[in-house]
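Everything below belongs to run10.tsv, which stores TSV, C-alpha atoms.
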```tsv
chain	number	residue	atom	x	y	z
A	1	MET	CA	97.83	138.06	139.60
A	2	PRO	CA	100.86	136.01	140.67
A	3	MET	CA	101.32	132.88	138.56
A	4	ASP	CA	103.73	129.94	138.78
A	5	ILE	CA	104.49	128.13	135.54
A	6	SER	CA	105.98	124.64	135.46
A	7	ILE	CA	107.18	123.00	132.25
A	8	THR	CA	107.81	119.29	131.75
A	9	PRO	CA	108.53	117.48	128.48
A	10	SER	CA	104.87	116.39	128.25
A	11	SER	CA	102.92	119.25	129.81
A	12	LEU	CA	102.71	122.91	130.79
A	13	GLN	CA	101.21	123.76	134.19
A	14	MET	CA	99.96	127.18	135.40
A	15	LYS	CA	99.18	127.73	139.08
A	16	THR	CA	97.36	130.76	140.51
A	17	ALA	CA	95.55	131.47	143.75
A	18	GLU	CA	92.32	130.39	142.06
A	19	GLY	CA	93.57	126.97	140.98
A	20	CYS	CA	95.77	125.05	138.61
A	21	THR	CA	95.51	124.57	134.84
A	22	GLU	CA	97.54	121.90	133.08
A	23	ILE	CA	97.94	121.57	129.32
A	24	CYS	CA	99.00	118.07	128.30
A	25	LEU	CA	100.67	117.55	124.96
A	26	PRO	CA	99.98	114.75	122.47
A	27	ALA	CA	102.18	111.70	122.90
A	28	GLU	CA	104.11	112.45	119.70
A	29	VAL	CA	105.13	115.97	120.82
A	30	ARG	CA	107.71	116.74	123.53
A	31	LEU	CA	109.02	120.03	124.93
A	32	VAL	CA	112.56	120.97	125.96
A	33	PRO	CA	112.01	122.76	129.32
A	34	SER	CA	115.47	124.35	129.39
A	35	SER	CA	114.73	126.17	126.11
A	36	SER	CA	111.97	128.34	127.63
A	37	ARG	CA	112.38	132.08	127.05
A	38	GLY	CA	110.40	135.25	126.35
A	39	LEU	CA	107.75	134.63	129.02
A	40	GLN	CA	105.26	137.51	129.15
A	41	TYR	CA	101.57	138.21	129.61
A	42	VAL	CA	99.90	140.19	126.81
A	43	ALA	CA	96.71	141.96	127.88
A	44	GLY	CA	93.71	140.71	125.96
A	45	ASP	CA	95.74	137.97	124.31
A	46	GLY	CA	97.12	135.75	127.04
A	47	LEU	CA	100.38	134.13	128.04
A	48	HIS	CA	103.27	134.08	125.55
A	49	LEU	CA	106.49	132.11	125.71
A	50	ARG	CA	108.84	130.34	123.30
A	51	LEU	CA	109.90	126.72	123.68
A	52	GLN	CA	111.75	124.21	121.59
A	53	ALA	CA	109.48	121.29	120.65
A	54	ARG	CA	110.26	117.91	119.16
A	55	ALA	CA	107.76	115.97	117.07
A	56	ASP	CA	108.10	112.26	116.40
A	57	PHE	CA	106.00	112.33	113.24
A	58	SER	CA	106.97	113.97	109.97
A	59	THR	CA	105.67	117.48	109.35
A	60	LYS	CA	106.15	117.06	105.62
A	61	LEU	CA	102.88	117.29	103.73
A	62	THR	CA	102.05	114.39	101.44
A	63	SER	CA	101.09	114.84	97.80
A	64	MET	CA	97.44	115.44	96.99
A	65	PHE	CA	97.43	112.42	94.70
A	66	ASN	CA	99.93	109.67	95.46
A	67	GLN	CA	100.82	108.50	91.98
A	68	SER	CA	102.35	105.15	92.90
A	69	SER	CA	99.43	103.98	95.05
A	70	GLN	CA	96.55	105.40	93.03
A	71	ALA	CA	97.60	104.27	89.55
A	72	GLN	CA	96.24	100.82	88.62
A	73	ASP	CA	93.48	101.11	91.26
A	74	CYS	CA	89.77	101.71	90.71
A	75	CYS	CA	88.90	105.17	92.03
A	76	THR	CA	85.67	106.99	92.75
A	77	PHE	CA	85.35	110.76	92.30
A	78	TYR	CA	83.17	112.59	94.86
A	79	CYS	CA	81.86	116.13	95.22
A	80	GLN	CA	83.57	117.29	98.41
A	81	SER	CA	80.71	119.55	99.46
A	82	CYS	CA	77.89	116.97	99.46
A	83	GLY	CA	79.46	113.54	98.77
A	84	GLU	CA	77.70	112.99	95.44
A	85	VAL	CA	79.45	110.36	93.31
A	86	LEU	CA	80.74	112.00	90.11
A	87	ILE	CA	82.64	109.10	88.55
A	88	ARG	CA	82.36	105.61	89.96
A	89	ASP	CA	84.97	102.82	89.75
A	90	ARG	CA	87.27	104.46	87.21
A	91	LYS	CA	90.41	102.39	86.68
A	92	LEU	CA	93.37	104.77	86.37
A	93	LEU	CA	96.28	103.26	84.47
A	94	ARG	CA	98.26	106.50	84.29
A	95	VAL	CA	98.38	109.38	86.81
A	96	LEU	CA	100.74	112.01	85.42
A	97	PRO	CA	101.73	115.58	86.40
A	98	LEU	CA	101.22	118.37	83.90
A	99	PRO	CA	103.72	121.15	83.20
A	100	ALA	CA	103.16	124.56	84.78
A	101	GLU	CA	100.02	126.29	83.48
A	102	ASN	CA	102.02	129.07	81.79
A	103	TRP	CA	104.67	126.82	80.28
A	104	GLY	CA	103.60	127.72	76.72
A	105	ALA	CA	104.73	131.33	77.20
A	106	LEU	CA	108.32	130.13	77.75
A	107	VAL	CA	108.56	127.89	74.70
A	108	GLY	CA	109.97	130.76	72.67
A	109	GLU	CA	112.94	130.89	75.04
A	110	TRP	CA	113.61	127.17	74.64
A	111	CYS	CA	113.33	126.68	70.87
A	112	CYS	CA	115.14	128.33	67.95
A	113	HIS	CA	112.39	127.17	65.55
A	114	PRO	CA	108.57	127.61	65.56
A	115	ASP	CA	106.69	126.25	68.56
A	116	PRO	CA	106.54	122.45	68.09
A	117	PHE	CA	103.74	122.20	70.65
A	118	ALA	CA	101.37	124.70	69.03
A	119	ASN	CA	97.77	123.45	68.78
A	120	LYS	CA	98.71	120.21	70.55
A	121	PRO	CA	96.85	120.24	73.87
A	122	LEU	CA	97.66	117.62	76.50
A	123	HIS	CA	94.43	115.67	76.89
A	124	PRO	CA	94.10	112.48	78.93
A	125	ARG	CA	93.06	109.16	77.44
A	126	GLU	CA	90.28	106.98	78.80
A	127	ASN	CA	92.15	105.63	81.84
A	128	ASP	CA	94.35	108.66	82.49
A	129	CYS	CA	94.29	111.38	85.12
A	130	PHE	CA	96.50	114.42	84.55
A	131	ILE	CA	97.32	116.64	87.53
A	132	GLY	CA	97.80	120.40	87.23
A	133	ASP	CA	98.63	122.96	89.88
A	134	SER	CA	94.99	123.38	90.88
A	135	PHE	CA	93.00	120.84	88.88
A	136	PHE	CA	92.63	117.30	87.57
A	137	LEU	CA	92.06	116.50	83.89
A	138	VAL	CA	89.88	113.44	83.33
A	139	ASN	CA	88.73	111.82	80.10
A	140	LEU	CA	85.01	111.18	79.59
A	141	ARG	CA	84.29	108.38	77.17
A	142	SER	CA	81.78	109.24	74.45
A	143	ASP	CA	79.59	106.23	75.31
A	144	MET	CA	78.83	107.85	78.69
A	145	TRP	CA	76.93	110.76	77.20
A	146	GLN	CA	73.13	110.76	77.24
A	147	PRO	CA	70.79	113.69	76.48
A	148	GLY	CA	69.15	115.16	79.54
A	149	PRO	CA	65.45	114.32	79.96
A	150	ARG	CA	62.91	116.81	78.59
A	151	VAL	CA	65.68	119.17	77.48
A	152	ALA	CA	67.02	119.76	73.99
A	153	PRO	CA	70.39	117.97	73.60
A	154	VAL	CA	72.05	121.13	72.26
A	155	GLU	CA	71.28	122.98	75.50
A	156	THR	CA	71.89	120.53	78.32
A	157	HIS	CA	73.46	117.10	78.65
A	158	CYS	CA	73.37	114.83	81.66
A	159	LEU	CA	75.89	112.05	82.09
A	160	SER	CA	74.89	108.47	82.76
A	161	SER	CA	74.47	106.98	86.23
A	162	GLU	CA	78.25	106.68	86.56
A	163	ASN	CA	78.68	110.45	86.37
A	164	HIS	CA	76.29	112.54	88.45
A	165	PHE	CA	76.89	116.08	87.29
A	166	LYS	CA	75.20	118.35	84.78
A	167	LEU	CA	76.93	119.96	81.82
A	168	LYS	CA	75.84	122.83	79.58
A	169	PRO	CA	78.32	122.83	76.69
A	170	LYS	CA	76.49	125.39	74.57
A	171	ALA	CA	75.63	127.95	77.24
A	172	ASN	CA	78.93	127.77	79.13
A	173	THR	CA	81.66	125.33	80.06
A	174	ASN	CA	80.91	125.05	83.78
A	175	VAL	CA	80.42	121.63	85.35
A	176	ILE	CA	77.85	121.74	88.17
A	177	CYS	CA	77.16	119.17	90.88
A	178	LYS	CA	73.71	117.72	90.30
A	179	ARG	CA	72.88	117.58	94.02
A	180	CYS	CA	74.32	120.71	95.67
A	181	LYS	CA	74.82	122.93	92.54
A	182	VAL	CA	78.47	123.70	93.39
A	183	MET	CA	80.72	124.42	90.41
A	184	LEU	CA	83.08	121.47	90.17
A	185	GLY	CA	85.11	122.50	87.14
A	186	GLU	CA	84.82	123.17	83.44
A	187	THR	CA	84.93	121.37	80.10
A	188	VAL	CA	88.17	121.53	78.14
A	189	SER	CA	87.01	119.54	75.12
A	190	SER	CA	84.15	117.23	74.18
A	191	GLU	CA	85.82	114.37	76.06
A	192	THR	CA	87.87	116.14	78.74
A	193	ILE	CA	86.79	117.79	81.99
A	194	LYS	CA	88.90	119.90	84.30
A	195	PHE	CA	87.94	119.32	87.95
A	196	TYR	CA	89.10	121.87	90.55
A	197	ILE	CA	91.05	120.23	93.37
A	198	THR	CA	89.22	122.31	96.00
A	199	GLU	CA	85.85	120.90	94.95
A	200	MET	CA	86.32	117.13	94.80
A	201	ILE	CA	87.85	114.11	96.52
A	202	ILE	CA	89.31	111.07	94.76
A	203	GLN	CA	89.26	107.87	96.80
A	204	PRO	CA	90.03	104.21	96.08
A	205	SER	CA	86.65	102.61	95.39
A	206	GLU	CA	86.86	100.30	98.41
A	207	ARG	CA	86.98	103.30	100.77
A	208	LYS	CA	83.98	105.32	101.92
A	209	PHE	CA	83.52	109.03	101.34
A	210	PRO	CA	85.43	110.94	104.07
A	211	ILE	CA	83.39	113.63	105.82
A	212	ILE	CA	85.69	116.65	106.22
A	213	PRO	CA	84.53	120.15	107.25
A	214	ARG	CA	84.56	122.38	104.18
A	215	SER	CA	86.86	125.10	105.53
A	216	GLN	CA	89.33	122.53	106.85
A	217	PHE	CA	89.44	120.76	103.48
A	218	VAL	CA	90.01	123.97	101.50
A	219	GLN	CA	92.73	125.15	103.90
A	220	SER	CA	94.55	121.82	103.73
A	221	ILE	CA	94.42	121.74	99.91
A	222	ILE	CA	95.73	125.30	99.61
A	223	ALA	CA	98.48	124.57	102.15
A	224	GLN	CA	99.58	121.51	100.16
A	225	CYS	CA	99.60	123.55	96.95
A	226	LEU	CA	101.77	126.25	98.53
A	227	VAL	CA	104.26	123.71	99.86
A	228	GLU	CA	104.51	121.73	96.62
A	229	LEU	CA	104.80	124.82	94.41
A	230	SER	CA	107.40	126.48	96.65
A	231	SER	CA	109.46	123.29	96.62
A	232	ALA	CA	109.21	122.72	92.88
A	233	ARG	CA	109.74	126.33	91.74
A	234	SER	CA	111.58	128.04	94.60
A	235	THR	CA	108.95	130.75	94.84
A	236	PHE	CA	107.23	131.74	98.08
A	237	ARG	CA	104.83	134.50	97.07
A	238	PHE	CA	101.42	133.62	95.69
A	239	SER	CA	98.21	135.23	94.52
A	240	ILE	CA	94.93	133.33	94.94
A	241	GLN	CA	92.48	134.26	92.19
A	242	GLY	CA	88.84	133.52	91.49
A	243	HIS	CA	87.47	132.02	88.28
A	244	ASP	CA	87.14	135.57	86.96
A	245	GLY	CA	90.89	136.15	87.31
A	246	LYS	CA	90.40	138.60	90.19
A	247	ALA	CA	92.95	138.36	93.00
A	248	TYR	CA	91.38	137.78	96.41
A	249	ILE	CA	94.41	137.41	98.66
A	250	LEU	CA	98.21	137.62	98.47
A	251	LEU	CA	100.19	135.04	100.44
A	252	TRP	CA	103.85	134.88	101.41
A	253	LEU	CA	104.89	131.44	102.65
A	254	LEU	CA	107.19	131.67	105.66
A	255	ASN	CA	107.34	128.16	107.17
A	256	SER	CA	105.99	124.84	105.93
A	257	ASP	CA	106.97	122.73	108.95
A	258	SER	CA	104.87	124.37	111.69
A	259	LEU	CA	102.91	122.35	114.23
A	260	VAL	CA	99.59	123.48	115.74
A	261	ILE	CA	98.53	121.93	119.05
A	262	GLU	CA	95.09	122.45	120.54
A	263	SER	CA	94.61	121.28	124.11
A	264	LEU	CA	91.55	121.04	126.32
A	265	GLY	CA	89.14	121.44	123.39
A	266	SER	CA	88.53	125.06	124.40
A	267	SER	CA	85.55	126.57	122.59
A	268	ARG	CA	87.22	129.98	122.79
A	269	SER	CA	90.18	128.71	120.81
A	270	VAL	CA	87.94	127.18	118.18
A	271	LYS	CA	86.24	130.53	117.62
A	272	LYS	CA	89.59	132.19	117.09
A	273	PHE	CA	91.06	129.49	114.85
A	274	PRO	CA	88.64	127.95	112.30
A	275	LEU	CA	91.48	125.58	111.34
A	276	LEU	CA	90.81	123.76	114.61
A	277	GLU	CA	87.03	123.51	114.24
A	278	ASP	CA	87.09	119.69	114.11
A	279	ILE	CA	89.59	119.25	116.95
A	280	SER	CA	87.11	120.34	119.63
A	281	LYS	CA	85.31	117.02	119.06
A	282	ALA	CA	88.39	115.02	119.99
A	283	ASP	CA	88.71	113.46	123.42
A	284	SER	CA	92.36	114.42	123.94
A	285	SER	CA	94.96	116.86	122.75
A	286	SER	CA	95.58	116.96	119.02
A	287	ALA	CA	98.48	118.13	116.91
A	288	GLY	CA	98.39	119.01	113.24
A	289	ASN	CA	100.72	120.21	110.52
A	290	ALA	CA	100.38	123.83	109.40
A	291	VAL	CA	102.05	126.39	107.16
A	292	LYS	CA	102.83	129.91	108.38
A	293	VAL	CA	102.04	132.76	105.98
A	294	LEU	CA	101.92	136.52	105.76
A	295	TYR	CA	98.85	137.72	103.88
A	296	GLN	CA	97.23	140.78	102.34
A	297	PRO	CA	93.51	140.68	101.51
A	298	CYS	CA	92.52	142.17	98.15
A	299	ILE	CA	88.73	142.33	98.63
A	300	LYS	CA	86.79	145.61	98.64
A	301	SER	CA	89.47	147.30	96.48
A	302	ARG	CA	92.19	146.83	99.11
A	303	ASN	CA	95.82	146.45	98.04
A	304	GLU	CA	95.00	146.85	94.34
A	305	LYS	CA	98.57	147.75	93.48
```
Now that the file is in, can you turn its structure into C-alpha coordinates?
Amino acid sequence: MPMDISITPSSLQMKTAEGCTEICLPAEVRLVPSSSRGLQYVAGDGLHLRLQARADFSTKLTSMFNQSSQAQDCCTFYCQSCGEVLIRDRKLLRVLPLPAENWGALVGEWCCHPDPFANKPLHPRENDCFIGDSFFLVNLRSDMWQPGPRVAPVETHCLSSENHFKLKPKANTNVICKRCKVMLGETVSSETIKFYITEMIIQPSERKFPIIPRSQFVQSIIAQCLVELSSARSTFRFSIQGHDGKAYILLWLLNSDSLVIESLGSSRSVKKFPLLEDISKADSSSAGNAVKVLYQPCIKSRNEK
(Lines of atoms letter the chains of each structure in order from A and count residues from 1; the text may use other names and numbers.)
(Lines give C-alpha, C1' and ligand atoms only; values in the text may rest on other atoms or scores of the structure.)
Protein backbone atom coordinates (compact mmCIF):
# COMPACT_ATOMS: atom_id res chain seq x y z
CA MET A 1 0.00 0.00 0.00
CA PRO A 2 1.13 3.61 -0.43
CA MET A 3 3.27 4.82 2.48
CA ASP A 4 4.75 8.21 3.37
CA ILE A 5 7.88 8.19 5.51
CA SER A 6 9.06 11.24 7.42
CA ILE A 7 12.43 11.39 9.17
CA THR A 8 13.44 13.86 11.86
CA PRO A 9 16.56 13.80 14.03
CA SER A 10 14.57 12.24 16.90
CA SER A 11 11.97 10.06 15.20
CA LEU A 12 10.86 8.09 12.15
CA GLN A 13 7.20 8.38 11.09
CA MET A 14 5.27 6.09 8.70
CA LYS A 15 1.87 7.12 7.39
CA THR A 16 -0.56 4.84 5.53
CA ALA A 17 -4.27 4.96 4.80
CA GLU A 18 -4.85 2.91 7.95
CA GLY A 19 -3.02 5.28 10.30
CA CYS A 20 0.31 6.60 11.44
CA THR A 21 3.15 4.86 13.28
CA GLU A 22 5.94 6.87 14.88
CA ILE A 23 9.17 5.43 16.25
CA CYS A 24 10.84 7.77 18.72
CA LEU A 25 14.53 7.40 19.42
CA PRO A 26 16.23 7.53 22.82
CA ALA A 27 17.43 10.98 23.84
CA GLU A 28 21.09 10.02 23.37
CA VAL A 29 20.62 8.94 19.72
CA ARG A 30 20.01 11.31 16.79
CA LEU A 31 19.51 10.68 13.07
CA VAL A 32 20.81 12.66 10.10
CA PRO A 33 17.71 12.88 7.82
CA SER A 34 19.67 13.93 4.73
CA SER A 35 21.70 10.69 4.90
CA SER A 36 18.68 8.46 4.16
CA ARG A 37 19.16 6.01 1.28
CA GLY A 38 18.31 2.48 0.15
CA LEU A 39 14.62 2.67 1.09
CA GLN A 40 12.82 -0.56 0.17
CA TYR A 41 10.16 -2.92 1.43
CA VAL A 42 11.23 -6.57 1.80
CA ALA A 43 8.32 -9.02 1.76
CA GLY A 44 8.08 -10.94 5.00
CA ASP A 45 10.79 -8.84 6.61
CA GLY A 46 9.61 -5.24 6.61
CA LEU A 47 10.92 -1.80 5.76
CA HIS A 48 14.65 -1.34 5.14
CA LEU A 49 16.61 1.89 4.87
CA ARG A 50 20.06 3.18 5.84
CA LEU A 51 20.63 6.30 7.91
CA GLN A 52 23.56 7.93 9.59
CA ALA A 53 23.09 7.99 13.37
CA ARG A 54 24.94 9.86 16.09
CA ALA A 55 25.18 8.59 19.65
CA ASP A 56 26.15 10.82 22.55
CA PHE A 57 27.34 7.96 24.74
CA SER A 58 30.42 5.84 24.14
CA THR A 59 29.90 2.53 22.35
CA LYS A 60 33.16 1.21 23.74
CA LEU A 61 32.64 -1.81 25.98
CA THR A 62 34.11 -1.59 29.47
CA SER A 63 36.37 -4.26 30.92
CA MET A 64 34.74 -7.18 32.70
CA PHE A 65 36.72 -6.41 35.83
CA ASN A 66 37.82 -2.81 36.33
CA GLN A 67 41.18 -3.29 38.00
CA SER A 68 41.59 0.20 39.42
CA SER A 69 38.18 0.32 41.12
CA GLN A 70 37.93 -3.28 42.28
CA ALA A 71 41.38 -3.69 43.82
CA GLN A 72 41.49 -2.76 47.53
CA ASP A 73 37.70 -3.22 47.84
CA CYS A 74 35.83 -6.05 49.55
CA CYS A 75 34.05 -8.10 46.90
CA THR A 76 31.39 -10.79 46.97
CA PHE A 77 31.33 -13.60 44.40
CA TYR A 78 27.86 -14.77 43.25
CA CYS A 79 26.56 -17.61 41.10
CA GLN A 80 25.02 -15.75 38.17
CA SER A 81 22.31 -18.33 37.59
CA CYS A 82 20.74 -18.33 41.08
CA GLY A 83 22.45 -15.58 43.12
CA GLU A 84 24.03 -17.92 45.66
CA VAL A 85 26.94 -16.29 47.50
CA LEU A 86 30.15 -18.19 46.69
CA ILE A 87 32.73 -16.01 48.45
CA ARG A 88 31.65 -13.24 50.78
CA ASP A 89 33.58 -10.05 51.60
CA ARG A 90 36.90 -11.02 50.01
CA LYS A 91 39.36 -8.13 50.12
CA LEU A 92 41.28 -8.08 46.83
CA LEU A 93 44.64 -6.37 47.11
CA ARG A 94 45.79 -7.37 43.62
CA VAL A 95 43.71 -7.87 40.45
CA LEU A 96 46.09 -8.87 37.67
CA PRO A 97 45.70 -10.08 34.06
CA LEU A 98 47.20 -13.42 33.08
CA PRO A 99 49.11 -14.07 29.85
CA ALA A 100 47.32 -15.79 26.98
CA GLU A 101 46.31 -19.38 27.78
CA ASN A 102 48.70 -20.83 25.19
CA TRP A 103 51.65 -18.61 26.03
CA GLY A 104 53.76 -21.59 27.17
CA ALA A 105 53.85 -23.00 23.63
CA LEU A 106 55.68 -19.86 22.44
CA VAL A 107 58.37 -19.82 25.12
CA GLY A 108 60.66 -21.85 22.88
CA GLU A 109 60.60 -19.01 20.36
CA TRP A 110 61.55 -16.44 22.99
CA CYS A 111 64.38 -18.19 24.86
CA CYS A 112 67.69 -19.65 23.66
CA HIS A 113 67.97 -21.72 26.87
CA PRO A 114 65.60 -24.22 28.57
CA ASP A 115 62.17 -22.95 29.55
CA PRO A 116 62.67 -20.85 32.71
CA PHE A 117 58.96 -21.03 33.50
CA ALA A 118 58.64 -24.82 33.41
CA ASN A 119 56.71 -26.26 36.38
CA LYS A 120 56.08 -22.75 37.74
CA PRO A 121 52.32 -22.19 37.53
CA LEU A 122 50.91 -18.73 38.18
CA HIS A 123 48.74 -19.17 41.26
CA PRO A 124 47.12 -16.30 43.16
CA ARG A 125 47.86 -15.54 46.79
CA GLU A 126 45.21 -15.10 49.46
CA ASN A 127 44.04 -11.61 48.43
CA ASP A 128 44.69 -11.94 44.70
CA CYS A 129 42.42 -12.38 41.71
CA PHE A 130 44.04 -13.32 38.39
CA ILE A 131 42.05 -12.77 35.19
CA GLY A 132 42.36 -15.04 32.16
CA ASP A 133 40.62 -14.85 28.81
CA SER A 134 37.58 -16.74 30.08
CA PHE A 135 38.09 -17.29 33.80
CA PHE A 136 39.11 -15.90 37.18
CA LEU A 137 41.71 -17.57 39.39
CA VAL A 138 41.01 -17.17 43.11
CA ASN A 139 42.95 -18.43 46.12
CA LEU A 140 41.12 -20.45 48.77
CA ARG A 141 42.75 -20.30 52.17
CA SER A 142 43.31 -23.68 53.81
CA ASP A 143 41.48 -22.60 56.98
CA MET A 144 38.25 -22.39 54.95
CA TRP A 145 38.08 -26.10 54.26
CA GLN A 146 35.73 -28.30 56.27
CA PRO A 147 34.72 -31.92 55.54
CA GLY A 148 31.21 -32.28 54.20
CA PRO A 149 28.67 -33.70 56.67
CA ARG A 150 28.05 -37.46 56.60
CA VAL A 151 30.48 -37.89 53.71
CA ALA A 152 34.01 -39.24 53.78
CA PRO A 153 36.49 -36.33 53.49
CA VAL A 154 38.36 -38.05 50.66
CA GLU A 155 35.22 -38.05 48.49
CA THR A 156 33.53 -34.72 49.04
CA HIS A 157 34.43 -31.45 50.73
CA CYS A 158 32.14 -28.54 51.45
CA LEU A 159 33.51 -25.08 52.08
CA SER A 160 32.59 -23.05 55.13
CA SER A 161 29.69 -20.60 55.27
CA GLU A 162 31.76 -18.03 53.36
CA ASN A 163 31.94 -20.28 50.30
CA HIS A 164 28.71 -21.96 49.24
CA PHE A 165 29.78 -24.46 46.62
CA LYS A 166 30.59 -28.15 46.66
CA LEU A 167 33.88 -29.65 45.55
CA LYS A 168 34.80 -33.24 44.73
CA PRO A 169 38.60 -33.25 44.43
CA LYS A 170 39.01 -37.02 44.19
CA ALA A 171 36.21 -37.81 41.74
CA ASN A 172 36.76 -34.82 39.44
CA THR A 173 37.84 -31.20 39.53
CA ASN A 174 34.46 -29.59 38.83
CA VAL A 175 33.13 -26.91 41.16
CA ILE A 176 29.33 -27.07 41.44
CA CYS A 177 26.93 -24.47 42.82
CA LYS A 178 25.36 -25.84 45.98
CA ARG A 179 21.93 -24.38 45.21
CA CYS A 180 21.32 -24.71 41.46
CA LYS A 181 23.96 -27.40 40.60
CA VAL A 182 25.47 -25.33 37.76
CA MET A 183 29.16 -25.98 37.06
CA LEU A 184 30.97 -22.83 38.15
CA GLY A 185 34.54 -23.83 37.35
CA GLU A 186 37.24 -26.28 38.30
CA THR A 187 40.04 -26.75 40.81
CA VAL A 188 43.57 -25.94 39.66
CA SER A 189 45.36 -26.87 42.88
CA SER A 190 44.49 -27.53 46.51
CA GLU A 191 44.20 -23.78 47.15
CA THR A 192 43.24 -22.38 43.74
CA ILE A 193 39.91 -22.42 41.90
CA LYS A 194 39.25 -21.38 38.33
CA PHE A 195 35.82 -19.73 38.00
CA TYR A 196 34.33 -19.38 34.50
CA ILE A 197 33.39 -15.78 33.71
CA THR A 198 30.08 -16.86 32.15
CA GLU A 199 28.93 -18.46 35.42
CA MET A 200 29.56 -15.85 38.11
CA ILE A 201 29.32 -12.17 39.00
CA ILE A 202 31.79 -10.26 41.18
CA GLN A 203 30.34 -7.23 42.94
CA PRO A 204 31.61 -4.80 45.60
CA SER A 205 30.18 -6.10 48.86
CA GLU A 206 28.06 -2.98 49.46
CA ARG A 207 26.09 -3.65 46.25
CA LYS A 208 23.23 -6.11 45.89
CA PHE A 209 23.18 -9.03 43.50
CA PRO A 210 22.08 -7.76 40.04
CA ILE A 211 19.29 -9.80 38.45
CA ILE A 212 20.20 -10.18 34.76
CA PRO A 213 18.46 -12.58 32.32
CA ARG A 214 20.76 -15.52 31.69
CA SER A 215 20.95 -15.24 27.89
CA GLN A 216 21.57 -11.49 28.08
CA PHE A 217 24.41 -11.99 30.57
CA VAL A 218 26.12 -14.70 28.51
CA GLN A 219 25.82 -12.66 25.31
CA SER A 220 27.27 -9.55 26.95
CA ILE A 221 30.21 -11.50 28.43
CA ILE A 222 31.03 -13.15 25.11
CA ALA A 223 30.75 -9.81 23.30
CA GLN A 224 33.18 -8.22 25.77
CA CYS A 225 35.60 -11.12 25.33
CA LEU A 226 35.51 -10.78 21.54
CA VAL A 227 36.14 -7.03 21.68
CA GLU A 228 38.97 -7.25 24.22
CA LEU A 229 40.71 -10.16 22.48
CA SER A 230 40.43 -8.58 19.02
CA SER A 231 41.91 -5.36 20.38
CA ALA A 232 44.74 -7.02 22.28
CA ARG A 233 45.74 -9.58 19.64
CA SER A 234 44.51 -8.16 16.33
CA THR A 235 42.55 -11.31 15.56
CA PHE A 236 38.89 -11.31 14.57
CA ARG A 237 38.04 -14.99 14.09
CA PHE A 238 37.10 -17.11 17.07
CA SER A 239 35.95 -20.60 17.97
CA ILE A 240 33.74 -21.08 21.03
CA GLN A 241 34.35 -24.49 22.59
CA GLY A 242 32.72 -26.50 25.36
CA HIS A 243 34.50 -27.95 28.38
CA ASP A 244 35.13 -31.07 26.30
CA GLY A 245 37.11 -29.08 23.73
CA LYS A 246 34.39 -29.49 21.09
CA ALA A 247 33.75 -26.42 18.91
CA TYR A 248 30.13 -25.27 18.98
CA ILE A 249 30.24 -22.13 16.86
CA LEU A 250 32.70 -20.14 14.73
CA LEU A 251 32.52 -16.35 14.96
CA TRP A 252 34.00 -13.62 12.78
CA LEU A 253 33.86 -10.20 14.42
CA LEU A 254 32.88 -7.48 11.95
CA ASN A 255 31.99 -4.41 14.04
CA SER A 256 32.35 -3.70 17.74
CA ASP A 257 30.69 -0.26 17.76
CA SER A 258 27.15 -1.16 16.65
CA LEU A 259 24.07 0.26 18.36
CA VAL A 260 20.78 -1.64 18.72
CA ILE A 261 17.61 0.38 19.30
CA GLU A 262 14.31 -1.20 20.21
CA SER A 263 11.26 1.06 20.09
CA LEU A 264 7.66 0.53 21.13
CA GLY A 265 8.48 -2.60 23.14
CA SER A 266 7.09 -4.76 20.34
CA SER A 267 6.60 -8.38 21.41
CA ARG A 268 7.26 -9.47 17.83
CA SER A 269 10.71 -7.93 17.92
CA VAL A 270 11.50 -9.59 21.23
CA LYS A 271 10.70 -13.00 19.77
CA LYS A 272 13.07 -12.36 16.89
CA PHE A 273 15.90 -10.90 18.97
CA PRO A 274 16.52 -12.61 22.35
CA LEU A 275 19.15 -9.93 22.99
CA LEU A 276 16.28 -7.51 23.59
CA GLU A 277 14.27 -9.75 25.93
CA ASP A 278 14.65 -7.34 28.87
CA ILE A 279 13.96 -4.18 26.87
CA SER A 280 10.26 -4.97 26.41
CA LYS A 281 9.81 -4.19 30.12
CA ALA A 282 11.09 -0.65 29.68
CA ASP A 283 8.67 2.25 29.49
CA SER A 284 10.44 4.03 26.63
CA SER A 285 12.82 3.39 23.78
CA SER A 286 16.14 1.82 24.70
CA ALA A 287 19.50 1.71 23.01
CA GLY A 288 22.29 -0.75 23.68
CA ASN A 289 25.78 -1.51 22.47
CA ALA A 290 26.24 -4.59 20.28
CA VAL A 291 28.87 -6.37 18.22
CA LYS A 292 28.17 -7.55 14.67
CA VAL A 293 29.41 -11.03 13.75
CA LEU A 294 29.28 -13.62 11.01
CA TYR A 295 28.82 -17.11 12.40
CA GLN A 296 28.86 -20.79 11.46
CA PRO A 297 27.24 -23.31 13.82
CA CYS A 298 29.19 -26.53 14.39
CA ILE A 299 26.49 -28.60 16.12
CA LYS A 300 25.09 -31.82 14.63
CA SER A 301 28.33 -32.42 12.67
CA ARG A 302 27.95 -29.21 10.65
CA ASN A 303 31.05 -27.38 9.38
CA GLU A 304 33.43 -29.97 10.83
CA LYS A 305 36.24 -28.90 8.53
One decimal, Å: what's the distance from atom CA of A:Pro2 over to atom CA of A:Lys15, could you say?
8.6 Å
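Note that atom CA of A:Thr173 and atom CA of A:Glu84 are 20.1 Å apart.
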Report as a list in words all protein, DNA and RNA residues lying within 12 Å of A:Gly242, evaluated on only C-alpha atoms, omitting residues in the same chain fewer than 6 positions from it.
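Near neighbours after the sequence-gap exclusion: Ser134, Tyr196, Tyr248, Ile249, Cys298 and Ile299 of chain A.
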Using Å and a single decimal, report how far atom CA of A:Lys246 sits from atom CA of A:Glu101.
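Value for the atom CA of A:Glu101-atom CA of A:Lys246 distance: 17.0 Å.
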Counting all atoms listed in the file, closest pick from A:Arg94, A:His113, A:Lys305, A:Arg37 relative to A:Phe130 is A:Arg94
Return the single residue from A:Ala55, A:Ile212, A:Leu96, A:Val227 that is closest to A:Cys82, with distances computed using all atoms listed in the file.
A:Ile212
Test item: residues at most 10 Å from A:Ser10, all atoms listed in the file, excluding those fewer than 5 positions along its chain, as a count of residues only
11
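Close contacts of A:Val218, defined as residues with an atom at most 12 Å away when counting all atoms listed in the file, with chain neighbours fewer than 3 positions off set aside, comprise A:Gln80, A:Ser81, A:Ser134, A:Tyr196, A:Ile197, A:Thr198, A:Glu199, A:Met200, A:Ile201, A:Ile212, A:Pro213, A:Arg214, A:Ser215, A:Ile221, A:Ile222, A:Ala223, A:Gln224, A:Cys225, A:Pro274, A:Leu275.
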A:Lys194, A:Arg302, A:Arg233, A:Lys208 ranked by distance to A:Pro124, top pick (using all atoms listed in the file)
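Distance minimum relative to A:Pro124 lands on A:Lys194.
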